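The file work13.pdb comes next; it holds PDB, C-alpha atoms.
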```pdb
ATOM      1  CA  MET A 206      22.760  17.892 -36.986  1.00  0.00           C
ATOM      2  CA  LEU A 207      22.085  21.519 -36.113  1.00  0.00           C
ATOM      3  CA  ASN A 208      18.922  20.441 -34.314  1.00  0.00           C
ATOM      4  CA  LEU A 209      20.977  18.121 -32.077  1.00  0.00           C
ATOM      5  CA  LEU A 210      23.325  20.969 -31.164  1.00  0.00           C
ATOM      6  CA  THR A 211      20.381  23.221 -30.328  1.00  0.00           C
ATOM      7  CA  LYS A 212      18.846  20.526 -28.119  1.00  0.00           C
ATOM      8  CA  SER A 213      22.176  19.973 -26.374  1.00  0.00           C
ATOM      9  CA  ALA A 214      22.602  23.697 -25.711  1.00  0.00           C
ATOM     10  CA  SER A 215      19.034  23.903 -24.425  1.00  0.00           C
ATOM     11  CA  ARG A 216      19.596  20.976 -22.039  1.00  0.00           C
ATOM     12  CA  LYS A 217      22.779  22.568 -20.726  1.00  0.00           C
ATOM     13  CA  GLN A 218      20.930  25.841 -20.141  1.00  0.00           C
ATOM     14  CA  GLU A 219      18.125  24.024 -18.283  1.00  0.00           C
ATOM     15  CA  ALA A 220      20.637  22.169 -16.122  1.00  0.00           C
ATOM     16  CA  ARG A 221      22.574  25.391 -15.406  1.00  0.00           C
ATOM     17  CA  ARG A 222      19.402  27.215 -14.367  1.00  0.00           C
ATOM     18  CA  LEU A 223      18.389  24.346 -12.100  1.00  0.00           C
ATOM     19  CA  TYR A 224      21.874  24.253 -10.596  1.00  0.00           C
ATOM     20  CA  ASP A 225      21.913  28.017  -9.992  1.00  0.00           C
ATOM     21  CA  ASP A 226      18.476  27.849  -8.327  1.00  0.00           C
ATOM     22  CA  VAL A 227      19.497  24.886  -6.130  1.00  0.00           C
ATOM     23  CA  VAL A 228      22.727  26.595  -5.038  1.00  0.00           C
ATOM     24  CA  SER A 229      20.908  29.850  -4.358  1.00  0.00           C
ATOM     25  CA  ARG A 230      18.356  28.163  -2.105  1.00  0.00           C
ATOM     26  CA  ALA A 231      20.941  25.958  -0.378  1.00  0.00           C
ATOM     27  CA  ARG A 232      22.974  29.040   0.565  1.00  0.00           C
ATOM     28  CA  GLU A 233      20.091  30.906   2.197  1.00  0.00           C
ATOM     29  CA  PRO A 234      21.401  32.281   5.508  1.00  0.00           C
ATOM     30  CA  VAL A 235      18.425  30.909   7.470  1.00  0.00           C
ATOM     31  CA  PHE A 236      19.815  27.373   7.265  1.00  0.00           C
ATOM     32  CA  PHE A 237      23.102  28.399   8.840  1.00  0.00           C
ATOM     33  CA  ALA A 238      22.020  31.192  11.189  1.00  0.00           C
ATOM     34  CA  ARG A 239      18.719  29.833  12.521  1.00  0.00           C
ATOM     35  CA  PHE A 240      18.992  26.084  12.003  1.00  0.00           C
ATOM     36  CA  GLY A 241      22.613  25.772  13.056  1.00  0.00           C
ATOM     37  CA  VAL A 242      23.892  23.988   9.974  1.00  0.00           C
ATOM     38  CA  ALA A 243      27.665  24.479  10.001  1.00  0.00           C
ATOM     39  CA  ASP A 244      28.676  27.309   7.682  1.00  0.00           C
ATOM     40  CA  SER A 245      31.581  25.263   6.390  1.00  0.00           C
ATOM     41  CA  MET A 246      32.378  23.181   3.335  1.00  0.00           C
ATOM     42  CA  ASP A 247      30.653  20.200   4.969  1.00  0.00           C
ATOM     43  CA  GLY A 248      27.556  22.178   5.943  1.00  0.00           C
ATOM     44  CA  ARG A 249      27.253  23.751   2.514  1.00  0.00           C
ATOM     45  CA  PHE A 250      27.722  20.335   0.912  1.00  0.00           C
ATOM     46  CA  ASP A 251      24.904  18.946   3.045  1.00  0.00           C
ATOM     47  CA  MET A 252      22.522  21.801   2.246  1.00  0.00           C
ATOM     48  CA  LEU A 253      23.307  21.503  -1.462  1.00  0.00           C
ATOM     49  CA  ALA A 254      22.753  17.735  -1.352  1.00  0.00           C
ATOM     50  CA  PHE A 255      19.454  18.221   0.492  1.00  0.00           C
ATOM     51  CA  HIS A 256      18.121  20.759  -2.008  1.00  0.00           C
ATOM     52  CA  ALA A 257      19.476  18.801  -4.972  1.00  0.00           C
ATOM     53  CA  TRP A 258      17.586  15.769  -3.676  1.00  0.00           C
ATOM     54  CA  LEU A 259      14.374  17.788  -3.561  1.00  0.00           C
ATOM     55  CA  VAL A 260      14.778  18.723  -7.219  1.00  0.00           C
ATOM     56  CA  LEU A 261      16.194  15.428  -8.482  1.00  0.00           C
ATOM     57  CA  ARG A 262      13.309  13.453  -7.007  1.00  0.00           C
ATOM     58  CA  GLU A 263      10.927  15.620  -9.050  1.00  0.00           C
ATOM     59  CA  ILE A 264      12.843  15.336 -12.344  1.00  0.00           C
ATOM     60  CA  LYS A 265      13.987  11.719 -12.007  1.00  0.00           C
ATOM     61  CA  GLY A 266      14.385  10.301 -15.482  1.00  0.00           C
ATOM     62  CA  ALA A 267      14.114  13.685 -17.219  1.00  0.00           C
ATOM     63  CA  ASP A 268      16.929  14.957 -19.445  1.00  0.00           C
ATOM     64  CA  PRO A 269      18.264  17.651 -17.104  1.00  0.00           C
ATOM     65  CA  ALA A 270      18.655  15.311 -14.114  1.00  0.00           C
ATOM     66  CA  GLN A 271      22.043  14.072 -15.334  1.00  0.00           C
ATOM     67  CA  GLY A 272      23.069  17.577 -16.371  1.00  0.00           C
ATOM     68  CA  LEU A 273      22.210  18.899 -12.912  1.00  0.00           C
ATOM     69  CA  THR A 274      24.182  16.115 -11.237  1.00  0.00           C
ATOM     70  CA  ASP A 275      27.157  16.761 -13.525  1.00  0.00           C
ATOM     71  CA  LEU A 276      27.121  20.470 -12.652  1.00  0.00           C
ATOM     72  CA  ILE A 277      26.941  19.674  -8.938  1.00  0.00           C
ATOM     73  CA  PHE A 278      30.094  17.567  -9.165  1.00  0.00           C
ATOM     74  CA  THR A 279      31.802  20.159 -11.358  1.00  0.00           C
ATOM     75  CA  GLY A 280      31.032  22.643  -8.573  1.00  0.00           C
ATOM     76  CA  PHE A 281      32.559  20.301  -5.982  1.00  0.00           C
ATOM     77  CA  ASP A 282      35.678  19.965  -8.134  1.00  0.00           C
ATOM     78  CA  GLU A 283      35.994  23.745  -8.565  1.00  0.00           C
ATOM     79  CA  ALA A 284      35.497  24.365  -4.839  1.00  0.00           C
ATOM     80  CA  MET A 285      38.259  21.923  -3.940  1.00  0.00           C
ATOM     81  CA  ARG A 286      40.628  23.487  -6.456  1.00  0.00           C
ATOM     82  CA  GLU A 287      39.895  26.920  -4.979  1.00  0.00           C
ATOM     83  CA  LEU A 288      40.807  25.502  -1.571  1.00  0.00           C
ATOM     84  CA  GLY A 289      44.134  24.347  -2.998  1.00  0.00           C
ATOM     85  CA  VAL A 290      43.532  20.611  -3.299  1.00  0.00           C
ATOM     86  CA  GLY A 291      45.984  19.287  -5.884  1.00  0.00           C
ATOM     87  CA  ASP A 292      45.127  17.234  -8.950  1.00  0.00           C
ATOM     88  CA  ILE A 293      46.299  14.032  -7.305  1.00  0.00           C
ATOM     89  CA  GLY A 294      44.012  14.427  -4.292  1.00  0.00           C
ATOM     90  CA  ILE A 295      40.943  15.605  -6.197  1.00  0.00           C
ATOM     91  CA  GLY A 296      39.988  12.166  -7.502  1.00  0.00           C
ATOM     92  CA  HIS A 297      39.990  10.615  -4.034  1.00  0.00           C
ATOM     93  CA  LYS A 298      38.065  13.502  -2.534  1.00  0.00           C
ATOM     94  CA  LEU A 299      35.502  13.523  -5.352  1.00  0.00           C
ATOM     95  CA  LYS A 300      34.980   9.782  -4.900  1.00  0.00           C
ATOM     96  CA  ALA A 301      34.331  10.314  -1.187  1.00  0.00           C
ATOM     97  CA  MET A 302      31.984  13.217  -1.967  1.00  0.00           C
ATOM     98  CA  ALA A 303      30.113  11.098  -4.517  1.00  0.00           C
ATOM     99  CA  GLN A 304      29.648   8.335  -1.961  1.00  0.00           C
ATOM    100  CA  ALA A 305      28.390  10.865   0.593  1.00  0.00           C
ATOM    101  CA  PHE A 306      26.123  12.570  -1.939  1.00  0.00           C
ATOM    102  CA  TYR A 307      24.515   9.358  -3.177  1.00  0.00           C
ATOM    103  CA  GLY A 308      24.301   8.021   0.375  1.00  0.00           C
ATOM    104  CA  ARG A 309      22.284  11.096   1.329  1.00  0.00           C
ATOM    105  CA  MET A 310      20.079  10.707  -1.759  1.00  0.00           C
ATOM    106  CA  ALA A 311      19.338   7.111  -0.752  1.00  0.00           C
ATOM    107  CA  ALA A 312      18.677   8.035   2.889  1.00  0.00           C
ATOM    108  CA  TYR A 313      16.316  10.861   1.956  1.00  0.00           C
ATOM    109  CA  ASP A 314      14.579   8.745  -0.714  1.00  0.00           C
ATOM    110  CA  GLY A 315      14.051   6.017   1.876  1.00  0.00           C
ATOM    111  CA  ALA A 316      12.277   8.399   4.240  1.00  0.00           C
ATOM    112  CA  ALA A 317       8.548   7.913   3.718  1.00  0.00           C
ATOM    113  CA  THR A 318       7.454  10.153   6.584  1.00  0.00           C
ATOM    114  CA  GLU A 319       8.514  13.478   8.033  1.00  0.00           C
ATOM    115  CA  ASP A 320       9.825  11.704  11.139  1.00  0.00           C
ATOM    116  CA  GLU A 321      12.003   9.389   9.051  1.00  0.00           C
ATOM    117  CA  LEU A 322      13.300  12.329   7.019  1.00  0.00           C
ATOM    118  CA  ALA A 323      13.975  14.286  10.227  1.00  0.00           C
ATOM    119  CA  ALA A 324      16.103  11.364  11.483  1.00  0.00           C
ATOM    120  CA  ALA A 325      18.064  11.254   8.203  1.00  0.00           C
ATOM    121  CA  LEU A 326      18.555  15.032   8.266  1.00  0.00           C
ATOM    122  CA  ALA A 327      19.718  14.989  11.882  1.00  0.00           C
ATOM    123  CA  LYS A 328      22.257  12.294  11.056  1.00  0.00           C
ATOM    124  CA  ASN A 329      23.663  14.217   8.090  1.00  0.00           C
ATOM    125  CA  LEU A 330      23.263  17.903   8.955  1.00  0.00           C
ATOM    126  CA  TRP A 331      24.152  17.668  12.633  1.00  0.00           C
ATOM    127  CA  ARG A 332      26.389  14.593  12.438  1.00  0.00           C
ATOM    128  CA  GLY A 333      24.349  11.998  14.226  1.00  0.00           C
ATOM    129  CA  ALA A 334      22.311  14.196  16.539  1.00  0.00           C
ATOM    130  CA  SER A 335      18.900  12.972  17.593  1.00  0.00           C
ATOM    131  CA  PRO A 336      16.041  14.462  15.601  1.00  0.00           C
ATOM    132  CA  ASP A 337      15.004  17.708  17.241  1.00  0.00           C
ATOM    133  CA  ASP A 338      12.784  20.647  16.348  1.00  0.00           C
ATOM    134  CA  ARG A 339      15.289  21.841  13.713  1.00  0.00           C
ATOM    135  CA  ALA A 340      15.273  18.494  11.926  1.00  0.00           C
ATOM    136  CA  ARG A 341      11.497  18.203  12.126  1.00  0.00           C
ATOM    137  CA  LYS A 342      11.054  21.737  10.718  1.00  0.00           C
ATOM    138  CA  LEU A 343      13.398  20.992   7.811  1.00  0.00           C
ATOM    139  CA  ALA A 344      11.588  17.724   7.130  1.00  0.00           C
ATOM    140  CA  GLY A 345       8.299  19.631   7.099  1.00  0.00           C
ATOM    141  CA  TYR A 346       9.878  22.181   4.760  1.00  0.00           C
ATOM    142  CA  ALA A 347      10.911  19.363   2.400  1.00  0.00           C
ATOM    143  CA  PHE A 348       7.447  17.838   2.319  1.00  0.00           C
ATOM    144  CA  ALA A 349       5.872  21.288   1.814  1.00  0.00           C
ATOM    145  CA  ALA A 350       8.342  22.080  -0.996  1.00  0.00           C
ATOM    146  CA  ARG A 351       7.290  19.086  -3.090  1.00  0.00           C
ATOM    147  CA  PRO A 352       4.071  20.532  -4.576  1.00  0.00           C
ATOM    148  CA  HIS A 353       5.762  23.906  -5.163  1.00  0.00           C
ATOM    149  CA  LEU A 354       8.624  22.236  -7.030  1.00  0.00           C
ATOM    150  CA  ALA A 355       6.287  19.975  -8.990  1.00  0.00           C
ATOM    151  CA  ALA A 356       4.255  22.991 -10.102  1.00  0.00           C
ATOM    152  CA  SER A 357       7.351  24.993 -11.055  1.00  0.00           C
ATOM    153  CA  LEU A 358       8.727  22.068 -13.088  1.00  0.00           C
ATOM    154  CA  THR A 359       5.524  21.297 -14.954  1.00  0.00           C
ATOM    155  CA  PRO A 360       4.828  21.442 -17.885  1.00  0.00           C
ATOM    156  CA  SER A 361       8.366  22.569 -18.725  1.00  0.00           C
ATOM    157  CA  LEU A 362      11.578  23.313 -16.918  1.00  0.00           C
ATOM    158  CA  ALA A 363      11.747  26.858 -18.285  1.00  0.00           C
ATOM    159  CA  GLY A 364      10.796  28.851 -15.187  1.00  0.00           C
ATOM    160  CA  PRO A 365      12.610  29.391 -11.916  1.00  0.00           C
ATOM    161  CA  LEU A 366      12.407  26.732  -9.230  1.00  0.00           C
ATOM    162  CA  ASP A 367       9.909  27.367  -6.486  1.00  0.00           C
ATOM    163  CA  PHE A 368      10.774  25.670  -3.201  1.00  0.00           C
ATOM    164  CA  GLY A 369       7.977  27.497  -1.417  1.00  0.00           C
ATOM    165  CA  PRO A 370       8.580  29.608   1.652  1.00  0.00           C
ATOM    166  CA  LEU A 371      11.792  29.290   3.625  1.00  0.00           C
ATOM    167  CA  PRO A 372      11.451  27.369   6.877  1.00  0.00           C
ATOM    168  CA  SER A 373      11.337  29.186  10.181  1.00  0.00           C
ATOM    169  CA  LEU A 374      12.310  28.075  13.621  1.00  0.00           C
TER     170      LEU A 374
END
```
Could you show the structure in this file as structure tokens?
Amino acid sequence: MLNLLTKSASRKQEARRLYDDVVSRAREPVFFARFGVADSMDGRFDMLAFHAWLVLREIKGADPAQGLTDLIFTGFDEAMRELGVGDIGIGHKLKAMAQAFYGRMAAYDGAATEDELAAALAKNLWRGASPDDRARKLAGYAFAARPHLAASLTPSLAGPLDFGPLPSL
């Protein structure tokens, strides 16, 4: 029984560390200042979803994947409460956020090439804009981040996430 509690606490710690690393990277000023992602709730949501996708695709099926997703939605809930959304409206807003989050996961998962990912990013980050240099650079950043993340997640999830270098424009 005690072993189960220790494993549960360890999984929660892994998920919390992953969440903290994802949030930290998603809030890097370069995405908002240089790439023109809106520094708003929507823009921050999109950058968090993008970076969460990068990590979740690497840990798909692993124990902390669900824990990370749970923490992401707990963060959404807390952010809405801080903005003054009442208990009655939270459920509807969280449902809409879940649909948007999983829609982005599906769109990014469906992108096999940098050009396809750039189109998906342009649609979500810049609300339907045509893929431009910003979208292509972020798509390149995502593809370049994959080996860094894979290396930082293997053989265990104990170390900090490594997304590789920040993109530049």
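A straight line drawn from atom CA of A:Phe236 to atom CA of A:Ser373 is 9.1 Å long.
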* Find the spatial neighbours of A:Ser335, counting all atoms listed in the file, within a cut-off of 8 Å - ignore same-chain residues fewer than 5 positions away - and output them as a list in words. => Ala324, Ala327 and Lys328 of chain A
For the interface of stretch 259-322 of chain A with stretch 223-233 of chain A (cut-off 10 Å, counting only C-alpha atoms), please tabulate each contacting residue of stretch 259-322 of chain A alongside its nearest pair of atoms and their separation in Å to one decimal, rows sorted by chain and increasing number, as a tab-separated table.
```
residue	atom	partner	partner_atom	distance
A:Leu259	CA	A:Val227	CA	9.1
A:Val260	CA	A:Val227	CA	7.8
A:Leu261	CA	A:Leu223	CA	9.9
A:Pro269	CA	A:Leu223	CA	8.4
A:Ala270	CA	A:Leu223	CA	9.3
A:Gly272	CA	A:Tyr224	CA	8.9
A:Leu273	CA	A:Tyr224	CA	5.8
A:Thr274	CA	A:Tyr224	CA	8.5
A:Asp275	CA	A:Tyr224	CA	9.6
A:Leu276	CA	A:Tyr224	CA	6.8
A:Ile277	CA	A:Tyr224	CA	7.0
A:Gly280	CA	A:Tyr224	CA	9.5
```
I'd like the residues picked by the PyMOL selection byres ((chain A and resi 295) around 12) written out as a short mmCIF file (atom, residue, chain, number, x, y, z; two decimals) with C-alpha atoms, in the frame of the given file, using the chain letters and numbers from the file.
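Here's the written file result.cif:
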```
data_model
loop_
_atom_site.label_atom_id
_atom_site.label_comp_id
_atom_site.auth_asym_id
_atom_site.auth_seq_id
_atom_site.Cartn_x
_atom_site.Cartn_y
_atom_site.Cartn_z
CA PHE A 278 30.09 17.57 -9.16
CA THR A 279 31.80 20.16 -11.36
CA PHE A 281 32.56 20.30 -5.98
CA ASP A 282 35.68 19.96 -8.13
CA GLU A 283 35.99 23.74 -8.56
CA ALA A 284 35.50 24.36 -4.84
CA MET A 285 38.26 21.92 -3.94
CA ARG A 286 40.63 23.49 -6.46
CA GLU A 287 39.90 26.92 -4.98
CA LEU A 288 40.81 25.50 -1.57
CA GLY A 289 44.13 24.35 -3.00
CA VAL A 290 43.53 20.61 -3.30
CA GLY A 291 45.98 19.29 -5.88
CA ASP A 292 45.13 17.23 -8.95
CA ILE A 293 46.30 14.03 -7.30
CA GLY A 294 44.01 14.43 -4.29
CA GLY A 296 39.99 12.17 -7.50
CA HIS A 297 39.99 10.62 -4.03
CA LYS A 298 38.06 13.50 -2.53
CA LEU A 299 35.50 13.52 -5.35
CA LYS A 300 34.98 9.78 -4.90
CA ALA A 301 34.33 10.31 -1.19
CA MET A 302 31.98 13.22 -1.97
CA ALA A 303 30.11 11.10 -4.52
#
```
* May I ask which of the residues A:Ala350, A:Leu358, A:Ala238, A:Ala254 is the closest one to A:Ala311, counting only C-alpha atoms? => A:Ala254
Which residues of stretch 273-359 of chain A come within 12 Å of stretch 241-245 of chain A, and what is each one's closest atom pair and distance in Å (one decimal), counting all atoms listed in the file, sorted by chain and residue number, as JSON lines?
```
{"residue": "A:Ala284", "atom": "CA", "partner": "A:Ser245", "partner_atom": "CA", "distance": 11.9}
{"residue": "A:Leu326", "atom": "CA", "partner": "A:Val242", "partner_atom": "CA", "distance": 10.6}
{"residue": "A:Ala327", "atom": "CA", "partner": "A:Val242", "partner_atom": "CA", "distance": 10.1}
{"residue": "A:Lys328", "atom": "CA", "partner": "A:Val242", "partner_atom": "CA", "distance": 11.9}
{"residue": "A:Asn329", "atom": "CA", "partner": "A:Val242", "partner_atom": "CA", "distance": 10.0}
{"residue": "A:Leu330", "atom": "CA", "partner": "A:Val242", "partner_atom": "CA", "distance": 6.2}
{"residue": "A:Trp331", "atom": "CA", "partner": "A:Val242", "partner_atom": "CA", "distance": 6.9}
{"residue": "A:Arg332", "atom": "CA", "partner": "A:Val242", "partner_atom": "CA", "distance": 10.0}
{"residue": "A:Ala334", "atom": "CA", "partner": "A:Val242", "partner_atom": "CA", "distance": 11.9}
{"residue": "A:Asp337", "atom": "CA", "partner": "A:Gly241", "partner_atom": "CA", "distance": 11.9}
{"residue": "A:Asp338", "atom": "CA", "partner": "A:Gly241", "partner_atom": "CA", "distance": 11.6}
{"residue": "A:Arg339", "atom": "CA", "partner": "A:Gly241", "partner_atom": "CA", "distance": 8.3}
{"residue": "A:Ala340", "atom": "CA", "partner": "A:Gly241", "partner_atom": "CA", "distance": 10.4}
{"residue": "A:Leu343", "atom": "CA", "partner": "A:Val242", "partner_atom": "CA", "distance": 11.1}
```
Please put the answer as lines of an AutoDock Vina configuration file: centre and edge lengths, in Å with one decimal, of a box along x, y and z that encloses all listed atoms of stretch 294-313 of chain A plus 3 Å on each side.
```
center_x = 30.2
center_y = 11.4
center_z = -2.3
size_x = 33.7
size_y = 14.5
size_z = 16.4
```
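Counting all atoms listed in the file, the residue from A:Ala344, A:Ala312, A:Ala355, A:Ala349 that sits nearest to A:Gly369 is A:Ala349.
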* Can you work out the spacing between atom CA of A:Leu366 and atom CA of A:Tyr346 in Å, to one decimal? => 14.9 Å
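Comparing the minimum interatomic distances between A:Ala220 and each of A:Asp320, A:Phe240, A:Glu263, A:Asp268, counting all atoms listed in the file, we find that A:Asp268 sits nearest.
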* Structure fact -> Students should find that atom CA of A:Lys217 and atom CA of A:Gly266 are spaced 15.8 Å
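For the set A:Ala214, A:Met310, A:Leu322, A:Ala316, the residue with the smallest atom-to-atom gap to A:Ala257 is A:Met310, counting only C-alpha atoms.
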* Structure fact -> For A:Leu371, the closest of A:Arg309, A:Lys342, A:Arg222, A:Arg249 counting all atoms listed in the file is A:Lys342
Output stretch 245-256 of chain A as an mmCIF file, in the coordinates of the input, making sure N, CA, C and O atoms are there.
```
data_model
loop_
_atom_site.group_PDB
_atom_site.id
_atom_site.type_symbol
_atom_site.label_atom_id
_atom_site.label_comp_id
_atom_site.auth_asym_id
_atom_site.auth_seq_id
_atom_site.Cartn_x
_atom_site.Cartn_y
_atom_site.Cartn_z
ATOM 1 N N SER A 245 30.277 25.803 6.756
ATOM 2 C CA SER A 245 31.581 25.263 6.390
ATOM 3 C C SER A 245 31.399 24.504 5.084
ATOM 4 O O SER A 245 30.278 24.379 4.571
ATOM 5 N N MET A 246 32.478 23.974 4.565
ATOM 6 C CA MET A 246 32.378 23.181 3.335
ATOM 7 C C MET A 246 31.424 22.002 3.539
ATOM 8 O O MET A 246 30.595 21.718 2.682
ATOM 9 N N ASP A 247 31.531 21.337 4.694
ATOM 10 C CA ASP A 247 30.653 20.200 4.969
ATOM 11 C C ASP A 247 29.189 20.622 5.065
ATOM 12 O O ASP A 247 28.309 19.966 4.506
ATOM 13 N N GLY A 248 28.925 21.708 5.794
ATOM 14 C CA GLY A 248 27.556 22.178 5.943
ATOM 15 C C GLY A 248 26.954 22.620 4.624
ATOM 16 O O GLY A 248 25.790 22.324 4.319
ATOM 17 N N ARG A 249 27.736 23.309 3.827
ATOM 18 C CA ARG A 249 27.253 23.751 2.514
ATOM 19 C C ARG A 249 27.022 22.553 1.594
ATOM 20 O O ARG A 249 26.060 22.523 0.835
ATOM 21 N N PHE A 250 27.908 21.573 1.677
ATOM 22 C CA PHE A 250 27.722 20.335 0.912
ATOM 23 C C PHE A 250 26.386 19.698 1.290
ATOM 24 O O PHE A 250 25.609 19.301 0.425
ATOM 25 N N ASP A 251 26.139 19.590 2.590
ATOM 26 C CA ASP A 251 24.904 18.946 3.045
ATOM 27 C C ASP A 251 23.655 19.705 2.617
ATOM 28 O O ASP A 251 22.652 19.093 2.237
ATOM 29 N N MET A 252 23.692 21.035 2.669
ATOM 30 C CA MET A 252 22.522 21.801 2.246
ATOM 31 C C MET A 252 22.325 21.704 0.738
ATOM 32 O O MET A 252 21.192 21.628 0.262
ATOM 33 N N LEU A 253 23.413 21.673 -0.015
ATOM 34 C CA LEU A 253 23.307 21.503 -1.462
ATOM 35 C C LEU A 253 22.748 20.122 -1.790
ATOM 36 O O LEU A 253 21.850 19.985 -2.623
ATOM 37 N N ALA A 254 23.246 19.092 -1.117
ATOM 38 C CA ALA A 254 22.753 17.735 -1.352
ATOM 39 C C ALA A 254 21.266 17.635 -1.016
ATOM 40 O O ALA A 254 20.494 17.027 -1.763
ATOM 41 N N PHE A 255 20.857 18.241 0.080
ATOM 42 C CA PHE A 255 19.454 18.221 0.492
ATOM 43 C C PHE A 255 18.562 18.878 -0.563
ATOM 44 O O PHE A 255 17.551 18.314 -0.989
ATOM 45 N N HIS A 256 18.942 20.059 -1.020
ATOM 46 C CA HIS A 256 18.121 20.759 -2.008
ATOM 47 C C HIS A 256 18.202 20.102 -3.383
ATOM 48 O O HIS A 256 17.206 20.074 -4.114
#
```
